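The data block below is work19.pdb; it holds PDB, C-alpha atoms.
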```pdb
ATOM      1  CA  MET A   5      -2.746  -7.842 -10.206  1.00  0.00           C
ATOM      2  CA  VAL A   6      -1.941  -4.334  -8.982  1.00  0.00           C
ATOM      3  CA  LEU A   7      -3.664  -3.349  -5.734  1.00  0.00           C
ATOM      4  CA  ALA A   8      -1.531  -0.369  -4.713  1.00  0.00           C
ATOM      5  CA  ASN A   9       0.504   2.311  -6.448  1.00  0.00           C
ATOM      6  CA  SER A  10       1.318   4.424  -3.422  1.00  0.00           C
ATOM      7  CA  ARG A  11       3.708   7.171  -2.398  1.00  0.00           C
ATOM      8  CA  LYS A  12       7.084   6.096  -1.044  1.00  0.00           C
ATOM      9  CA  PRO A  13       9.342   9.165  -1.219  1.00  0.00           C
ATOM     10  CA  PRO A  14      11.218   9.786  -3.380  1.00  0.00           C
ATOM     11  CA  GLY A  15       9.343   7.216  -5.495  1.00  0.00           C
ATOM     12  CA  ARG A  16       6.444   4.792  -5.341  1.00  0.00           C
ATOM     13  CA  CYS A  17       5.552   1.448  -3.797  1.00  0.00           C
ATOM     14  CA  ILE A  18       3.775  -1.119  -5.970  1.00  0.00           C
ATOM     15  CA  ALA A  19       1.976  -4.044  -4.366  1.00  0.00           C
ATOM     16  CA  GLY A  20      -0.459  -6.672  -5.541  1.00  0.00           C
ATOM     17  CA  ILE A  21      -1.503 -10.302  -5.612  1.00  0.00           C
ATOM     18  CA  GLU A  22      -0.241 -13.021  -7.917  1.00  0.00           C
ATOM     19  CA  ILE A  23      -2.715 -14.674 -10.279  1.00  0.00           C
ATOM     20  CA  ASN A  24      -2.094 -18.401 -10.619  1.00  0.00           C
ATOM     21  CA  ASN A  25      -2.253 -20.290 -13.910  1.00  0.00           C
ATOM     22  CA  ASP A  26      -5.755 -21.546 -13.080  1.00  0.00           C
ATOM     23  CA  GLY A  27      -6.972 -17.994 -12.483  1.00  0.00           C
ATOM     24  CA  SER A  28      -7.082 -18.262  -8.685  1.00  0.00           C
ATOM     25  CA  LEU A  29      -5.498 -15.608  -6.480  1.00  0.00           C
ATOM     26  CA  GLY A  30      -2.129 -16.420  -4.929  1.00  0.00           C
ATOM     27  CA  ASN A  31       0.344 -14.634  -2.678  1.00  0.00           C
ATOM     28  CA  TRP A  32       0.939 -10.959  -2.083  1.00  0.00           C
ATOM     29  CA  VAL A  33       3.948  -9.498  -3.854  1.00  0.00           C
ATOM     30  CA  ARG A  34       5.819  -6.195  -3.642  1.00  0.00           C
ATOM     31  CA  PRO A  35       8.636  -5.431  -6.142  1.00  0.00           C
ATOM     32  CA  TRP A  36      11.590  -4.012  -4.203  1.00  0.00           C
ATOM     33  CA  ASP A  37      14.261  -2.053  -6.085  1.00  0.00           C
ATOM     34  CA  ILE A  38      17.566  -2.985  -4.461  1.00  0.00           C
ATOM     35  CA  ASN A  39      19.247  -0.016  -6.165  1.00  0.00           C
ATOM     36  CA  SER A  40      16.706   2.621  -5.108  1.00  0.00           C
ATOM     37  CA  ILE A  41      17.638   5.991  -3.697  1.00  0.00           C
ATOM     38  CA  LYS A  42      18.204   5.925   0.073  1.00  0.00           C
ATOM     39  CA  LYS A  43      17.809   2.128  -0.052  1.00  0.00           C
ATOM     40  CA  ASN A  44      14.115   2.231   0.818  1.00  0.00           C
ATOM     41  CA  GLY A  45      13.179  -0.148  -2.003  1.00  0.00           C
ATOM     42  CA  GLY A  46      10.764   2.246  -3.689  1.00  0.00           C
ATOM     43  CA  LEU A  47      10.425   2.326  -7.458  1.00  0.00           C
ATOM     44  CA  SER A  48      11.152   5.396  -9.534  1.00  0.00           C
ATOM     45  CA  LYS A  49       8.139   6.932 -11.281  1.00  0.00           C
ATOM     46  CA  SER A  50      10.069   6.464 -14.514  1.00  0.00           C
ATOM     47  CA  ASN A  51       9.694   2.680 -14.057  1.00  0.00           C
ATOM     48  CA  LEU A  52       5.921   2.639 -13.582  1.00  0.00           C
ATOM     49  CA  ASN A  53       4.741   2.813 -17.186  1.00  0.00           C
ATOM     50  CA  SER A  54       3.693  -0.303 -19.042  1.00  0.00           C
ATOM     51  CA  GLN A  55       4.783  -1.174 -22.570  1.00  0.00           C
ATOM     52  CA  ASN A  56       2.038   1.217 -23.712  1.00  0.00           C
ATOM     53  CA  ASP A  57       3.701   4.139 -21.851  1.00  0.00           C
ATOM     54  CA  VAL A  58       0.717   4.365 -19.486  1.00  0.00           C
ATOM     55  CA  GLU A  59       1.260   4.329 -15.713  1.00  0.00           C
ATOM     56  CA  ILE A  60      -0.043   1.133 -14.136  1.00  0.00           C
ATOM     57  CA  LYS A  61      -3.190   1.456 -12.025  1.00  0.00           C
ATOM     58  CA  ASN A  62      -5.143  -0.523  -9.455  1.00  0.00           C
ATOM     59  CA  LEU A  63      -6.652  -3.752 -10.832  1.00  0.00           C
ATOM     60  CA  ASP A  64      -4.302  -3.769 -13.827  1.00  0.00           C
ATOM     61  CA  ILE A  65      -2.960  -7.226 -14.573  1.00  0.00           C
ATOM     62  CA  VAL A  66       0.771  -6.926 -15.212  1.00  0.00           C
ATOM     63  CA  SER A  67       3.755  -9.217 -15.421  1.00  0.00           C
ATOM     64  CA  PHE A  68       7.357  -8.466 -14.454  1.00  0.00           C
ATOM     65  CA  LYS A  69      10.581 -10.327 -13.813  1.00  0.00           C
ATOM     66  CA  TYR A  70      12.304 -10.601 -10.448  1.00  0.00           C
ATOM     67  CA  PHE A  71      15.427 -12.451  -9.461  1.00  0.00           C
ATOM     68  CA  GLU A  72      14.835 -13.195  -5.793  1.00  0.00           C
ATOM     69  CA  ARG A  73      11.911 -13.524  -3.372  1.00  0.00           C
ATOM     70  CA  ASN A  74      13.427 -12.287  -0.175  1.00  0.00           C
ATOM     71  CA  SER A  75      13.287  -9.493   2.365  1.00  0.00           C
ATOM     72  CA  ASP A  76      15.810  -7.787   4.576  1.00  0.00           C
ATOM     73  CA  ASN A  77      12.816  -6.682   6.616  1.00  0.00           C
ATOM     74  CA  ARG A  78      11.652  -9.218   9.187  1.00  0.00           C
ATOM     75  CA  TYR A  79       7.934  -8.739   8.515  1.00  0.00           C
ATOM     76  CA  GLN A  80       7.798  -7.744   4.817  1.00  0.00           C
ATOM     77  CA  PHE A  81       8.104 -11.216   3.356  1.00  0.00           C
ATOM     78  CA  GLU A  82       6.101 -10.186   0.272  1.00  0.00           C
ATOM     79  CA  ASN A  83       9.076  -8.306  -1.187  1.00  0.00           C
ATOM     80  CA  VAL A  84      10.699  -9.574  -4.385  1.00  0.00           C
ATOM     81  CA  HIS A  85      13.975  -8.079  -5.554  1.00  0.00           C
ATOM     82  CA  ILE A  86      14.269  -6.300  -8.876  1.00  0.00           C
ATOM     83  CA  SER A  87      17.030  -4.154 -10.344  1.00  0.00           C
ATOM     84  CA  PRO A  88      15.560  -1.886 -13.044  1.00  0.00           C
ATOM     85  CA  LYS A  89      17.474   0.674 -15.042  1.00  0.00           C
ATOM     86  CA  ARG A  90      16.379   4.292 -15.123  1.00  0.00           C
ATOM     87  CA  PHE A  91      13.384   4.905 -17.443  1.00  0.00           C
ATOM     88  CA  GLN A  92      13.076   1.155 -18.028  1.00  0.00           C
ATOM     89  CA  ASN A  93       9.509  -0.148 -18.329  1.00  0.00           C
ATOM     90  CA  ILE A  94       9.446  -3.190 -16.064  1.00  0.00           C
ATOM     91  CA  PHE A  95       5.695  -3.922 -16.129  1.00  0.00           C
ATOM     92  CA  PHE A  96       3.951  -5.609 -19.076  1.00  0.00           C
ATOM     93  CA  HIS A  97       0.224  -4.889 -19.088  1.00  0.00           C
ATOM     94  CA  THR A  98      -1.914  -7.912 -20.006  1.00  0.00           C
ATOM     95  CA  GLY A  99      -5.438  -7.030 -18.883  1.00  0.00           C
ATOM     96  CA  LYS A 100      -7.796  -5.771 -16.172  1.00  0.00           C
ATOM     97  CA  PHE A 101      -9.034  -7.644 -13.107  1.00  0.00           C
ATOM     98  CA  LYS A 102     -12.712  -7.454 -12.137  1.00  0.00           C
ATOM     99  CA  LYS A 103     -13.326  -5.871  -8.735  1.00  0.00           C
ATOM    100  CA  GLU A 104     -16.161  -8.351  -8.121  1.00  0.00           C
ATOM    101  CA  LEU A 105     -13.605 -11.195  -7.990  1.00  0.00           C
ATOM    102  CA  LEU A 106     -11.650  -9.712  -5.043  1.00  0.00           C
ATOM    103  CA  PRO A 107     -13.732 -11.098  -2.098  1.00  0.00           C
ATOM    104  CA  PRO A 108     -11.640 -14.291  -1.640  1.00  0.00           C
ATOM    105  CA  LYS A 109      -8.752 -12.042  -0.573  1.00  0.00           C
ATOM    106  CA  ILE A 110     -10.758  -9.604   1.568  1.00  0.00           C
ATOM    107  CA  GLU A 111     -10.107 -10.216   5.267  1.00  0.00           C
ATOM    108  CA  MET A 112     -12.377  -9.678   8.267  1.00  0.00           C
ATOM    109  CA  ASN A 113      -9.696  -8.008  10.388  1.00  0.00           C
ATOM    110  CA  LEU A 114      -6.222  -6.533  10.089  1.00  0.00           C
ATOM    111  CA  PRO A 115      -3.654  -9.264  10.831  1.00  0.00           C
ATOM    112  CA  TRP A 116      -1.732  -7.013  13.249  1.00  0.00           C
ATOM    113  CA  PRO A 117      -2.122  -5.786  16.845  1.00  0.00           C
ATOM    114  CA  ALA A 118      -3.855  -2.500  17.610  1.00  0.00           C
ATOM    115  CA  GLY A 119      -0.545  -0.902  18.544  1.00  0.00           C
ATOM    116  CA  SER A 120      -0.378   2.726  19.599  1.00  0.00           C
ATOM    117  CA  SER A 121      -1.282   6.140  18.220  1.00  0.00           C
ATOM    118  CA  SER A 122       0.887   8.884  16.811  1.00  0.00           C
ATOM    119  CA  TYR A 123      -0.210  12.529  17.045  1.00  0.00           C
ATOM    120  CA  GLY A 124      -3.618  13.090  15.454  1.00  0.00           C
ATOM    121  CA  HIS A 125      -4.015   9.418  14.503  1.00  0.00           C
ATOM    122  CA  LEU A 126      -5.446   6.268  16.106  1.00  0.00           C
ATOM    123  CA  ASN A 127      -3.778   2.860  16.536  1.00  0.00           C
ATOM    124  CA  ASN A 128      -1.691   3.533  13.447  1.00  0.00           C
ATOM    125  CA  ARG A 129       1.711   2.227  14.499  1.00  0.00           C
ATOM    126  CA  ILE A 130       3.284  -0.897  15.927  1.00  0.00           C
ATOM    127  CA  HIS A 131       6.365  -0.838  18.127  1.00  0.00           C
ATOM    128  CA  GLU A 132       9.228  -3.100  17.087  1.00  0.00           C
ATOM    129  CA  SER A 133       8.749  -5.079  20.306  1.00  0.00           C
ATOM    130  CA  GLU A 134       5.252  -6.097  19.049  1.00  0.00           C
ATOM    131  CA  LEU A 135       6.430  -7.467  15.700  1.00  0.00           C
ATOM    132  CA  LYS A 136       7.055 -11.002  16.911  1.00  0.00           C
ATOM    133  CA  GLY A 137       4.854 -13.372  14.953  1.00  0.00           C
ATOM    134  CA  ILE A 138       4.021 -10.886  12.182  1.00  0.00           C
ATOM    135  CA  THR A 139       4.950 -12.533   8.897  1.00  0.00           C
ATOM    136  CA  ARG A 140       3.361 -10.182   6.363  1.00  0.00           C
ATOM    137  CA  SER A 141       2.781  -6.510   5.776  1.00  0.00           C
ATOM    138  CA  LEU A 142      -0.102  -6.342   3.283  1.00  0.00           C
ATOM    139  CA  CYS A 143      -3.812  -7.082   3.516  1.00  0.00           C
ATOM    140  CA  LEU A 144      -7.130  -6.243   1.879  1.00  0.00           C
ATOM    141  CA  ILE A 145     -10.145  -5.206   3.981  1.00  0.00           C
ATOM    142  CA  GLN A 146     -13.586  -3.738   3.303  1.00  0.00           C
ATOM    143  CA  ARG A 147     -15.076  -1.085   5.589  1.00  0.00           C
ATOM    144  CA  ASP A 148     -17.087   2.101   5.770  1.00  0.00           C
ATOM    145  CA  VAL A 149     -14.251   4.622   5.880  1.00  0.00           C
ATOM    146  CA  GLU A 150     -14.160   8.285   6.925  1.00  0.00           C
ATOM    147  CA  ILE A 151     -11.761  10.432   4.901  1.00  0.00           C
ATOM    148  CA  SER A 152     -10.487  13.595   6.578  1.00  0.00           C
ATOM    149  CA  ALA A 153      -7.805  16.167   5.826  1.00  0.00           C
ATOM    150  CA  PHE A 154      -4.910  17.358   7.958  1.00  0.00           C
ATOM    151  CA  TYR A 155      -1.827  19.478   7.403  1.00  0.00           C
ATOM    152  CA  LYS A 156       1.668  18.116   7.774  1.00  0.00           C
ATOM    153  CA  TYR A 157       4.598  19.915   9.367  1.00  0.00           C
ATOM    154  CA  ASP A 158       5.553  21.394   5.979  1.00  0.00           C
ATOM    155  CA  GLY A 159       2.066  22.865   5.521  1.00  0.00           C
ATOM    156  CA  LYS A 160       1.015  20.407   2.810  1.00  0.00           C
ATOM    157  CA  LYS A 161      -2.489  18.984   2.907  1.00  0.00           C
ATOM    158  CA  ALA A 162      -2.744  15.240   3.460  1.00  0.00           C
ATOM    159  CA  LEU A 163      -5.576  12.744   3.866  1.00  0.00           C
ATOM    160  CA  ALA A 164      -6.259  10.154   6.545  1.00  0.00           C
ATOM    161  CA  ALA A 165      -8.649   7.205   6.660  1.00  0.00           C
ATOM    162  CA  LYS A 166     -10.557   6.251   9.821  1.00  0.00           C
ATOM    163  CA  PHE A 167     -12.395   2.955  10.185  1.00  0.00           C
ATOM    164  CA  ASP A 168     -13.596   0.511  12.843  1.00  0.00           C
ATOM    165  CA  GLU A 169     -11.400  -2.486  13.514  1.00  0.00           C
ATOM    166  CA  ASN A 170     -12.381  -5.228  15.970  1.00  0.00           C
ATOM    167  CA  ASN A 171     -13.539  -3.047  18.894  1.00  0.00           C
ATOM    168  CA  TYR A 172     -11.142  -0.178  18.264  1.00  0.00           C
ATOM    169  CA  GLU A 173     -10.641   2.541  15.661  1.00  0.00           C
ATOM    170  CA  VAL A 174      -7.801   3.039  13.235  1.00  0.00           C
ATOM    171  CA  LYS A 175      -6.893   6.387  11.716  1.00  0.00           C
ATOM    172  CA  ALA A 176      -3.952   6.151   9.342  1.00  0.00           C
ATOM    173  CA  ASP A 177      -2.331   8.124   6.540  1.00  0.00           C
ATOM    174  CA  ILE A 178      -3.531   7.605   2.976  1.00  0.00           C
ATOM    175  CA  THR A 179      -0.553   7.227   0.640  1.00  0.00           C
ATOM    176  CA  CYS A 180      -2.467   6.709  -2.615  1.00  0.00           C
ATOM    177  CA  PRO A 181      -1.799   9.582  -5.080  1.00  0.00           C
ATOM    178  CA  LEU A 182      -4.919   8.740  -7.101  1.00  0.00           C
ATOM    179  CA  ILE A 183      -7.199   9.059  -4.062  1.00  0.00           C
ATOM    180  CA  GLU A 184      -5.398  12.232  -3.004  1.00  0.00           C
ATOM    181  CA  GLU A 185      -5.965  13.711  -6.455  1.00  0.00           C
ATOM    182  CA  GLN A 186      -9.619  12.704  -6.564  1.00  0.00           C
ATOM    183  CA  LEU A 187     -10.579  13.747  -3.028  1.00  0.00           C
ATOM    184  CA  ALA A 188      -8.152  16.530  -2.024  1.00  0.00           C
ATOM    185  CA  LEU A 189     -10.545  19.298  -3.056  1.00  0.00           C
ATOM    186  CA  GLU A 190     -13.667  17.436  -1.941  1.00  0.00           C
ATOM    187  CA  VAL A 191     -12.426  16.831   1.600  1.00  0.00           C
ATOM    188  CA  GLY A 192     -12.421  20.113   3.504  1.00  0.00           C
ATOM    189  CA  GLN A 193     -13.228  20.916   7.113  1.00  0.00           C
ATOM    190  CA  ASP A 194     -15.851  18.162   7.110  1.00  0.00           C
ATOM    191  CA  PRO A 195     -14.842  14.549   6.382  1.00  0.00           C
ATOM    192  CA  ILE A 196     -16.573  12.390   3.778  1.00  0.00           C
ATOM    193  CA  ILE A 197     -17.729   8.790   4.138  1.00  0.00           C
ATOM    194  CA  LEU A 198     -17.011   6.081   1.592  1.00  0.00           C
ATOM    195  CA  PRO A 199     -19.299   3.084   2.274  1.00  0.00           C
ATOM    196  CA  ASN A 200     -17.937  -0.454   1.856  1.00  0.00           C
ATOM    197  CA  ALA A 201     -14.606   0.727   0.518  1.00  0.00           C
ATOM    198  CA  ILE A 202     -12.024  -1.928  -0.325  1.00  0.00           C
ATOM    199  CA  MET A 203      -8.646  -0.863   1.045  1.00  0.00           C
ATOM    200  CA  CYS A 204      -5.139  -2.202   0.665  1.00  0.00           C
ATOM    201  CA  VAL A 205      -3.443  -1.598   4.006  1.00  0.00           C
ATOM    202  CA  SER A 206       0.312  -1.893   4.449  1.00  0.00           C
ATOM    203  CA  LEU A 207       2.905  -1.825   7.204  1.00  0.00           C
ATOM    204  CA  GLY A 208       5.710   0.545   6.279  1.00  0.00           C
ATOM    205  CA  GLU A 209       9.389   0.162   7.078  1.00  0.00           C
ATOM    206  CA  MET A 210      10.634   0.723  10.601  1.00  0.00           C
ATOM    207  CA  TYR A 211      10.963   4.394  11.558  1.00  0.00           C
ATOM    208  CA  LYS A 212      12.296   5.409  14.971  1.00  0.00           C
ATOM    209  CA  GLY A 213      11.226   2.137  16.544  1.00  0.00           C
ATOM    210  CA  PHE A 214       7.770   1.939  14.937  1.00  0.00           C
ATOM    211  CA  CYS A 215       6.270   0.634  11.718  1.00  0.00           C
ATOM    212  CA  TYR A 216       3.181   2.522  10.576  1.00  0.00           C
ATOM    213  CA  LYS A 217      -0.098   1.292   9.148  1.00  0.00           C
ATOM    214  CA  LEU A 218      -0.734   2.992   5.809  1.00  0.00           C
ATOM    215  CA  VAL A 219      -3.779   2.954   3.558  1.00  0.00           C
ATOM    216  CA  ALA A 220      -1.906   2.291   0.333  1.00  0.00           C
ATOM    217  CA  SER A 221      -5.010   2.355  -1.860  1.00  0.00           C
ATOM    218  CA  ILE A 222      -8.786   2.550  -1.843  1.00  0.00           C
ATOM    219  CA  ILE A 223     -10.362   0.545  -4.666  1.00  0.00           C
ATOM    220  CA  LEU A 224     -13.317   2.681  -5.735  1.00  0.00           C
TER
END
```
Rewritten as structure tokens:
Amino acid sequence: MVLANSRKPPGRCIAGIEINNDGSLGNWVRPWDINSIKKNGGLSKSNLNSQNDVEIKNLDIVSFKYFERNSDNRYQFENVHISPKRFQNIFFHTGKFKKELLPPKIEMNLPWPAGSSSYGHLNNRIHESELKGITRSLCLIQRDVEISAFYKYDGKKALAAKFDENNYEVKADITCPLIEEQLALEVGQDPIILPNAIMCVSLGEMYKGFCYKLVASIIL
């Protein structure tokens, strides 16, 4: 089941949860392209269409083949290795998952320490010295979330999500293109509130000694 189709320049990051044969929800999984540009594991947009030539979306049920469940990253144990060819459809769409069935995987709190804050954000990054004991990089939470806009160094508009988390606040980048497309014009100088939003939150790869918390999707 797809729970995130998020930006990972120059491509995308797909993440979701396995559905067991009995219909129960299993482990998190993130297909990792070992041949991807710059070796960041992201998938090319040309690989994201199903057999129907439609880009996969949140809550789609898809199947795909991988040859190894492994990670070169010490905390991203959800990664499974794939090696797609350019323009190859690697996902086979088989159905749609009901949002109402997600609660068994929704967690009370983020499974990571508060960490520190980068400029304009709140508790959105974890130093590599704090990674001991972290054995996963994906989770699903439900919160009232405040969506605000900011401008990056290149002048492009971006969105951030702020929410309460166990006696502190988190404000982190949103990397979901669908949410950006839907809310970019709606979010101006004043933020908007989405009540009880279900969010897939991810820890990105290490960058200059930190891994960053990212809101990879908001399931509306």
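The coordinates place CA of Ser221 in chain A at 7.2 Å from CA of Asn9 in chain A.
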Q: Could you give me, as a ChimeraX atom specification, the residues within 10 Å of Gly208 in chain A, counting all atoms listed in the file and dropping anything in the same chain fewer than 4 positions from it?
A: /A:12,79-80,129,141-142,214-218,220
Q.
Please enumerate the residues selected by the PyMOL selection byres ((chain A and resi 199) around 12) when evaluated against the supplied file, formatted as number ranges by chain.
A. A: 146-151, 166-167, 196-198, 200-203, 222-224
Q: Write out as a ChimeraX atom specification which residues come within 8 Å of range 112-128 of chain A when counting all atoms listed in the file, dropping same-chain ones fewer than 6 positions away.
A: /A:134,138,143,145-146,169-170,172-176,216-218
Can you spit out the residues from that selection as a compact mmCIF listing (two decimals), in the coordinates of the input, using C-alpha atoms?
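The resulting out_6.txt:
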```txt
# COMPACT_ATOMS: atom_id res chain seq x y z
CA GLU A 134 5.25 -6.10 19.05
CA ILE A 138 4.02 -10.89 12.18
CA CYS A 143 -3.81 -7.08 3.52
CA ILE A 145 -10.14 -5.21 3.98
CA GLN A 146 -13.59 -3.74 3.30
CA GLU A 169 -11.40 -2.49 13.51
CA ASN A 170 -12.38 -5.23 15.97
CA TYR A 172 -11.14 -0.18 18.26
CA GLU A 173 -10.64 2.54 15.66
CA VAL A 174 -7.80 3.04 13.24
CA LYS A 175 -6.89 6.39 11.72
CA ALA A 176 -3.95 6.15 9.34
CA TYR A 216 3.18 2.52 10.58
CA LYS A 217 -0.10 1.29 9.15
CA LEU A 218 -0.73 2.99 5.81
```
Q: Identify the residues within 6 Å of coordinate (11.3, -4.9, 9.6) (same frame as the file), considering all atoms listed in the file, and give the answer as a PyMOL selection string.
A: chain A and resi 77-79+209-210
Could you list the residues chosen by the PyMOL selection byres ((chain A and resi 85) around 8) in this structure as a short mmCIF file (atom, residue, chain, number, x, y, z; two decimals) with C-alpha atoms, in the coordinates of the input?
```
data_model
loop_
_atom_site.label_atom_id
_atom_site.label_comp_id
_atom_site.auth_asym_id
_atom_site.auth_seq_id
_atom_site.Cartn_x
_atom_site.Cartn_y
_atom_site.Cartn_z
CA PRO A 35 8.64 -5.43 -6.14
CA TRP A 36 11.59 -4.01 -4.20
CA ASP A 37 14.26 -2.05 -6.08
CA ILE A 38 17.57 -2.98 -4.46
CA TYR A 70 12.30 -10.60 -10.45
CA PHE A 71 15.43 -12.45 -9.46
CA GLU A 72 14.84 -13.20 -5.79
CA ARG A 73 11.91 -13.52 -3.37
CA ASN A 74 13.43 -12.29 -0.18
CA ASN A 83 9.08 -8.31 -1.19
CA VAL A 84 10.70 -9.57 -4.38
CA ILE A 86 14.27 -6.30 -8.88
CA SER A 87 17.03 -4.15 -10.34
#
```
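The space separating CA of Leu29 in chain A from CA of His97 in chain A comes to 17.5 Å.
Counting from CA of Cys17 in chain A, the distance to CA of Gly46 in chain A is 5.3 Å.
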Extending 6 Å beyond the listed atoms of range 115-119 of chain A on each side, what axis-aligned box results? I want centre and edge lengths in Å to one decimal, as AutoDock Vina command-line options.
```
--center_x -2.2 --center_y -5.1 --center_z 14.7 --size_x 15.3 --size_y 20.4 --size_z 19.7
```
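Each of A:Glu184, A:Glu104, A:Asp57, A:Asp64 was compared to Phe91 in chain A using all atoms listed in the file, and A:Asp57 turns out to be the nearest.
Closest approach to Val33 in chain A among A:Ser206, A:Gln92, A:Ser133, A:Gln186 is made by A:Ser206 (distances from only C-alpha atoms).
Minimum distance to Asn56 in chain A across A:Phe96, A:Val205, A:Gly27, A:Gly192 (counting all atoms listed in the file) occurs at A:Phe96.
Counting only C-alpha atoms, the residue from A:Val219, A:Ile18, A:Arg90, A:Met5 that sits nearest to Lys103 in chain A is A:Met5.
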